[in-house]
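Engineer: Let me begin by handing over the structure; questions about it come next.
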Amino acid sequence: MSQNATDGETGPAAATGRPRRASERAARRRRARLLVAAYVLGIVATLTAAEALRTLGDAAERPGLAAFYAAPAAAELTGAPGTIIRSEPLAGVPLASRGWRIMYRSTDLHGTPIAVTGIVVTPLRPVMGERTVLAWGHPTTGTSPDCAPSRSDDPFLGIEGLRLMLDRGYTVVATDYAGMGTAGPDSYLVGVTAAHSVLDGVRAAQAIEAAAAGDRVVLWGHSQGGQAVLFAAEQASAYAPELEIAAVAAAAPAADLTALMGSHLDDLSGVTIGSYAFAAYADVYGPTMPGAELDTVLTPEAIAQLPEMNRLCLLPELDRLHAIAEPLVGDFFAHDPTAIEPWAGLLEENSAGRTAIDVPLFVAQGADDRLVLPADTAEFVARERSLGVDVTETVVPGATHSTIAYLALPALDAWLDRVEQRASGG
């Protein structure tokens with residue numbers, strides 16, 4: 001046979017075959033693209049349907065909400081901290097999870113029994129043994145019971161990193177803090193009370209059998225929540241010794257309250273934070289601490305506006321808050337609270353970092369944060385390291401106070417991997 005007949009590379013037949021093969025390859029590529037597109041659309045449709053179902057579930061739960069959050073009778077507060085007063089399953093949960101709304105027993109800094117609310121969410125997939133518990137501390141949402149995250153239209157939306165934590169197999173418990181959700185003593189930036197709310201939330205999660213919540217705990221919080229989880233880490237060995245605190249992570253934590261207030265004495269943030277914090281401190285400390293009355297630190301004009309400001313929730317009513325706060329800028333503080341007693345002492349008492357913690361600490365800071373200033377966080381990190389704390393710090397370029405917790409999630413995920421590897425001897 002001729003060469004043309006044996007190798008099929010030349011001649012009329014080959015000329016006819018090449019376009020055919022090219023056409024077949026193009027068709028295969030089109031089919032592949034269509035399959036990928038169909039797959040992506042399928043995922044999007046599934047996620048969209050799941051989100052729609054979750055939204056419908058959230059809406060369906062709204063009518064009975066007030067009854068769940070009704071303040072418990074005094075007799076219902078009797079019981080060990082962390083035991084559940086009432087709970088109910090949630091319908092509008094994230095994909096592949098189940099959740100509960102809870103009201104549980106806790107104590108304030110004086111040891112007085114109180115009721116605290118929150119939510120628990122856990123992955124659907126089965127687990128051998130018990131799950132690590134991720135205890136979340138939320139950033140400032142307000143101080144009124146109506147501002148509690150678990151009472152919002154979407155109680156899961158504000159848990160920064162929820163999907164990541166569920167994918168890691170963690171059961172997540174998110175406290176509202178005392179005084180929110182249901183009536184109780186204020187706890188805004190009151191470190192010990194907030195710590196108890198966080199730790200007793202873990203105990204409450206353990207009481208829900210289907211949550212499979214174990215004793216191993218990771219603490220994670222943002223801003224106000226950063227202060228709460230740092231205090232929880234400091235208080236855990238004495239208050240909840242049965243819990244194994246494995247790691248603590250905080251994004252732009254309100255760790256040094258003296259520095260925080262000192263940085264914002266004459267701006268909008270100082271008025272907003274101050275309206276929440278000093279009302280809380282006067283309520284919590286005023287009855288027993290001489291001088292912890294509002295008129296020793298705030299102007300009469302500021303005091304007159306506190307009830308309305310504390311009624312409003314931070315994000316949904318921010319415009320109204322700012323409209324009240326703006327005229328008070330420069331006329332809010334009668335005296336510098338960082339320089340007069342008892343306020344200077346209270347700010348220091350409720351600042352984290354006075355007690356060393358013996359577990360790894362992750363601190364994330366936004367380079368463009370104008371509320372918790374990078375220099376203040378750097379000073380806090382340096383102080384923790386001087387106490388012998390194992391600190392991993394990440395500063396995220398371009399991150400602001402509102403974005404840092406989300407933008408730090410990749411670094412947090414990698415850090416948790418390293419923590420778990422060390423714990424397992426890897």
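Residue numbering restarts at 1 for every chain of the structure tokens, chains are lettered A, B, ... in their displayed order, and ligands are numbered from 1 as they appear.
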Please list as a list in words every residue within 9 Å of A:His138, counting only C-alpha atoms and excluding residues in the same chain fewer than 3 positions away.

Structural biologist: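 Neighbouring residues, sequence-local ones excluded: Thr141, Pro149, Gly158, Ile159, Glu160, Ala174, Thr175, Asp176, Tyr177, Trp220, Gly221, His222, Ser223, Gln224, Gly225, Gly226 and Ala228 of chain A.
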
Engineer: Output C-alpha atoms for every residue in that selection, as a CSV table (one decimal), in the first residue's frame.

Structural biologist:
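Generated file (result19.csv):
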chain,number,residue,atom,x,y,z
A,141,THR,CA,-26.0,45.4,68.5
A,149,PRO,CA,-29.3,38.8,67.7
A,158,GLY,CA,-24.5,38.0,62.3
A,159,ILE,CA,-22.5,35.0,63.3
A,160,GLU,CA,-19.3,35.8,61.4
A,174,ALA,CA,-24.2,32.2,70.2
A,175,THR,CA,-25.3,34.0,73.4
A,176,ASP,CA,-27.2,37.3,73.4
A,177,TYR,CA,-25.5,38.4,76.7
A,220,TRP,CA,-14.5,33.5,68.9
A,221,GLY,CA,-15.7,37.0,69.2
A,222,HIS,CA,-15.7,40.4,67.5
A,223,SER,CA,-15.4,43.9,69.1
A,224,GLN,CA,-17.7,43.7,72.2
A,225,GLY,CA,-17.7,40.0,71.6
A,226,GLY,CA,-13.9,40.0,71.6
A,228,ALA,CA,-16.5,38.8,76.1

Engineer: Can you list, as a ChimeraX atom specification, all residues belonging to stretch 103-203 of chain A that DSSP tags as helix (DSSP H, G or I)?

Structural biologist: /A:145-147,149-151,162-167,191-203

Engineer: Taking only stretch 84-319 of chain A into account, list the residues labelled strand (DSSP E or B) by DSSP (computed from the backbone), as a ChimeraX atom specification.

Structural biologist: /A:84-90,97-107,113-123,131-137,171-175,213-222,244-251,298

Engineer: Write out as a list in words each polymer residue whose atoms come within 10 Å of A:Asp266, counting only C-alpha atoms; drop sequence neighbours fewer than 6 positions from it.

Structural biologist: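 Result of the neighbour search: Leu328, Val329, Gly330, Asp331, Phe332 and Phe333 of chain A.
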
Engineer: Of the candidates A:Val297, A:Ile208, A:Ala247, A:Leu157, which one gets nearest to A:Glu88 if we count only C-alpha atoms?

Structural biologist: A:Ile208

Engineer: If we count only C-alpha atoms and set the cut-off at 9 Å, which residues sit around stretch 108-121 of chain A, ignoring sequence neighbours fewer than 3 positions away in its own chain? Please answer as an NGL selection string.

Structural biologist: :A and (69 or 71-72 or 76-79 or 81 or 85 or 90 or 93-94 or 97-105 or 148-151 or 155-156 or 166 or 170-185 or 187 or 190-194 or 196-197 or 200-201 or 204-205 or 208 or 211)

Engineer: Could you produce a table of the residues of stretch 207-295 of chain A lying within 8 Å of stretch 344-358 of chain A, with the nearest pair of atoms per residue and their separation in Å rounded to one decimal, using only C-alpha atoms, ordered by chain and increasing residue number, as CSV?

Structural biologist:
residue,atom,partner,partner_atom,distance
A:Gln227,CA,A:Ala352,CA,6.4
A:Leu230,CA,A:Ala352,CA,6.3
A:Phe231,CA,A:Ala352,CA,6.2
A:Ala233,CA,A:Ile357,CA,6.5
A:Glu234,CA,A:Ile357,CA,5.8
A:Ala254,CA,A:Ser351,CA,7.8
A:Ala255,CA,A:Ala352,CA,5.0
A:Asp256,CA,A:Ser351,CA,4.8
A:Leu257,CA,A:Leu347,CA,5.4
A:Thr258,CA,A:Leu347,CA,5.6

Engineer: Rank nothing, just name the residue among A:Gly262, A:Gly366, A:Gly425, A:Pro374 nearest to A:Ala399, using only C-alpha atoms.

Structural biologist: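 The shortest atom-to-atom distance to A:Ala399 comes from A:Gly366.
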
Engineer: Distance atom CA of A:Gly214-atom CA of A:Asp167, one decimal place?

Structural biologist: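 Taking atom CA of A:Gly214 as the start and atom CA of A:Asp167 as the end point, the length is 16.8 Å.
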
Engineer: Wanna dump the stretch 211-288 of chain A-stretch 293-296 of chain A contacts at 12 Å for me, each residue with its shortest atom pair and the distance in Å to one decimal, counting only C-alpha atoms, ordered by chain and number, as CSV?

Structural biologist:
residue,atom,partner,partner_atom,distance
A:Gly274,CA,A:Leu294,CA,10.9
A:Ser275,CA,A:Leu294,CA,10.3
A:Tyr276,CA,A:Leu294,CA,11.9
A:Ala277,CA,A:Leu294,CA,10.8
A:Phe278,CA,A:Leu294,CA,7.1
A:Ala279,CA,A:Leu294,CA,7.3
A:Ala280,CA,A:Leu294,CA,10.0
A:Tyr281,CA,A:Glu293,CA,8.6
A:Ala282,CA,A:Glu293,CA,5.4
A:Asp283,CA,A:Glu293,CA,8.5
A:Val284,CA,A:Glu293,CA,10.4
A:Tyr285,CA,A:Glu293,CA,8.6
A:Gly286,CA,A:Glu293,CA,5.6
A:Pro287,CA,A:Glu293,CA,8.7
A:Thr288,CA,A:Glu293,CA,10.4

Engineer: If you keep C-alpha atoms, can you produce a file of those selected residues as a CSV table (one decimal), in the first residue's frame?

Structural biologist:
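Now in selection_32.csv:
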chain,number,residue,atom,x,y,z
A,274,GLY,CA,-20.6,55.9,76.0
A,275,SER,CA,-24.4,56.0,75.9
A,276,TYR,CA,-24.4,52.2,76.2
A,277,ALA,CA,-21.4,51.7,78.5
A,278,PHE,CA,-22.0,54.3,81.1
A,279,ALA,CA,-25.7,53.6,81.4
A,280,ALA,CA,-24.7,49.9,82.0
A,281,TYR,CA,-22.0,50.8,84.5
A,282,ALA,CA,-24.2,53.1,86.5
A,283,ASP,CA,-26.9,50.4,86.6
A,284,VAL,CA,-24.6,47.6,87.6
A,285,TYR,CA,-22.1,49.4,89.9
A,286,GLY,CA,-24.0,52.5,91.0
A,287,PRO,CA,-26.1,50.9,93.8
A,288,THR,CA,-23.0,49.7,95.7

Engineer: Which of these residues is nearest to A:Asp376, using only C-alpha atoms: A:Ala423, A:Ala252, A:Ile273, A:Ala325?

Structural biologist: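 Checking each of A:Ala423, A:Ala252, A:Ile273, A:Ala325 against A:Asp376, counting only C-alpha atoms, the winner is A:Ala252.
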
Engineer: Using only C-alpha atoms, pick whichever of A:Ala382, A:Val271, A:Ala251, A:Leu298 has the shortest atom-to-atom distance to A:Ile404.

Structural biologist: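 Of A:Ala382, A:Val271, A:Ala251, A:Leu298, the one nearest A:Ile404 is A:Ala251, counting only C-alpha atoms.
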
Engineer: Between atom CA of A:Asp368 and atom CA of A:Pro397, what is the distance in Å, rounded to a tenth?

Structural biologist: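 Atom CA of A:Pro397 lies at a distance of 7.0 Å from atom CA of A:Asp368.
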
Engineer: Within 12 Å of A:Pro410, counting only C-alpha atoms, which residues show up once you throw out same-chain ones fewer than 4 positions away? Write them as a list of chain:residue names, please.

Structural biologist: A:Gly161, A:Leu164, A:Met165, A:Ala364, A:Thr394, A:Val396, A:Ile404, A:Ala405, A:Tyr406, A:Ala414, A:Trp415, A:Leu416, A:Asp417

Engineer: Those same residues - all heavy atoms - I'd like them written as a compact mmCIF listing (two decimals), in the first residue's frame.

Structural biologist:
# COMPACT_ATOMS: atom_id res chain seq x y z
N GLY A 161 -18.53 33.84 60.29
CA GLY A 161 -17.81 32.58 60.16
C GLY A 161 -18.64 31.35 60.48
O GLY A 161 -18.09 30.25 60.62
N LEU A 164 -18.13 28.43 58.06
CA LEU A 164 -16.81 27.85 58.27
C LEU A 164 -16.81 26.93 59.49
O LEU A 164 -16.29 25.80 59.43
CB LEU A 164 -15.78 28.96 58.47
CG LEU A 164 -14.40 28.55 58.99
CD1 LEU A 164 -13.68 27.67 57.97
CD2 LEU A 164 -13.56 29.77 59.33
N MET A 165 -17.40 27.37 60.57
CA MET A 165 -17.39 26.59 61.80
C MET A 165 -18.24 25.33 61.68
O MET A 165 -17.87 24.26 62.18
CB MET A 165 -17.86 27.44 62.98
CG MET A 165 -17.00 28.68 63.21
SD MET A 165 -15.22 28.27 63.36
CE MET A 165 -14.51 29.93 63.40
N ALA A 364 -7.11 39.35 65.35
CA ALA A 364 -7.18 39.94 64.01
C ALA A 364 -7.51 41.42 64.14
O ALA A 364 -8.38 41.80 64.93
CB ALA A 364 -8.23 39.24 63.16
N THR A 394 -2.78 38.87 63.26
CA THR A 394 -2.85 39.15 61.83
C THR A 394 -3.48 40.52 61.63
O THR A 394 -4.54 40.82 62.21
CB THR A 394 -3.64 38.08 61.06
OG1 THR A 394 -3.65 38.38 59.67
CG2 THR A 394 -5.07 37.96 61.55
N VAL A 396 -4.98 42.90 58.76
CA VAL A 396 -5.50 42.75 57.40
C VAL A 396 -5.56 44.12 56.72
O VAL A 396 -6.33 45.00 57.15
CB VAL A 396 -6.90 42.11 57.40
CG1 VAL A 396 -7.41 41.93 55.98
CG2 VAL A 396 -6.86 40.76 58.13
N ILE A 404 -13.50 43.26 59.47
CA ILE A 404 -12.32 42.50 59.88
C ILE A 404 -12.65 41.04 60.22
O ILE A 404 -11.91 40.13 59.87
CB ILE A 404 -11.58 43.18 61.06
CG1 ILE A 404 -10.37 42.34 61.48
CG2 ILE A 404 -12.51 43.42 62.23
CD1 ILE A 404 -9.36 42.09 60.39
N ALA A 405 -13.78 40.78 60.88
CA ALA A 405 -14.07 39.40 61.28
C ALA A 405 -14.24 38.50 60.07
O ALA A 405 -13.83 37.33 60.09
CB ALA A 405 -15.31 39.35 62.17
N TYR A 406 -14.86 39.02 59.00
CA TYR A 406 -15.02 38.21 57.78
C TYR A 406 -13.69 38.07 57.03
O TYR A 406 -13.33 36.97 56.59
CB TYR A 406 -16.06 38.85 56.86
CG TYR A 406 -17.48 38.64 57.33
CD1 TYR A 406 -18.24 39.72 57.81
CD2 TYR A 406 -18.07 37.38 57.32
CE1 TYR A 406 -19.54 39.53 58.25
CE2 TYR A 406 -19.36 37.19 57.76
CZ TYR A 406 -20.09 38.27 58.23
OH TYR A 406 -21.37 38.07 58.67
N ALA A 414 -6.86 28.62 59.07
CA ALA A 414 -5.52 28.01 59.05
C ALA A 414 -4.95 27.90 60.47
O ALA A 414 -4.31 26.90 60.81
CB ALA A 414 -4.59 28.83 58.17
N TRP A 415 -5.20 28.91 61.28
CA TRP A 415 -4.71 28.89 62.67
C TRP A 415 -5.40 27.78 63.47
O TRP A 415 -4.73 27.06 64.23
CB TRP A 415 -4.96 30.25 63.31
CG TRP A 415 -4.57 30.36 64.75
CD1 TRP A 415 -3.31 30.48 65.27
CD2 TRP A 415 -5.47 30.36 65.87
NE1 TRP A 415 -3.37 30.56 66.64
CE2 TRP A 415 -4.68 30.49 67.04
CE3 TRP A 415 -6.84 30.27 66.00
CZ2 TRP A 415 -5.22 30.54 68.32
CZ3 TRP A 415 -7.40 30.32 67.27
CH2 TRP A 415 -6.60 30.45 68.41
N LEU A 416 -6.69 27.61 63.29
CA LEU A 416 -7.40 26.53 63.99
C LEU A 416 -6.86 25.16 63.56
O LEU A 416 -6.75 24.24 64.38
CB LEU A 416 -8.90 26.62 63.72
CG LEU A 416 -9.63 27.76 64.44
CD1 LEU A 416 -11.06 27.88 63.93
CD2 LEU A 416 -9.62 27.56 65.95
N ASP A 417 -6.51 25.02 62.28
CA ASP A 417 -5.89 23.77 61.83
C ASP A 417 -4.60 23.50 62.60
O ASP A 417 -4.35 22.37 63.05
CB ASP A 417 -5.57 23.83 60.33
CG ASP A 417 -6.81 23.68 59.46
OD1 ASP A 417 -7.83 23.19 59.96
OD2 ASP A 417 -6.73 24.05 58.27

Engineer: Using only C-alpha atoms, which of A:Leu312, A:Ala91, A:Ala67, A:Ala240 sits nearest A:Ser106?

Structural biologist: A:Ala240

Engineer: Quick one: pull the distance between atom CA of A:Ala96 and atom CA of A:Leu124, Å, one decimal.

Structural biologist: 5.3 Å

Engineer: A:Ser263: which residues within 9 Å, counting only C-alpha atoms, same-chain residues fewer than 5 positions away excluded, as a PyMOL selection string?

Structural biologist: chain A and resi 258+270+371-373

Engineer: Determine the nearest neighbour of A:Ala207 from the options A:Val127, A:Leu321, A:Ala408, A:Ile84, counting only C-alpha atoms.

Structural biologist: A:Ile84
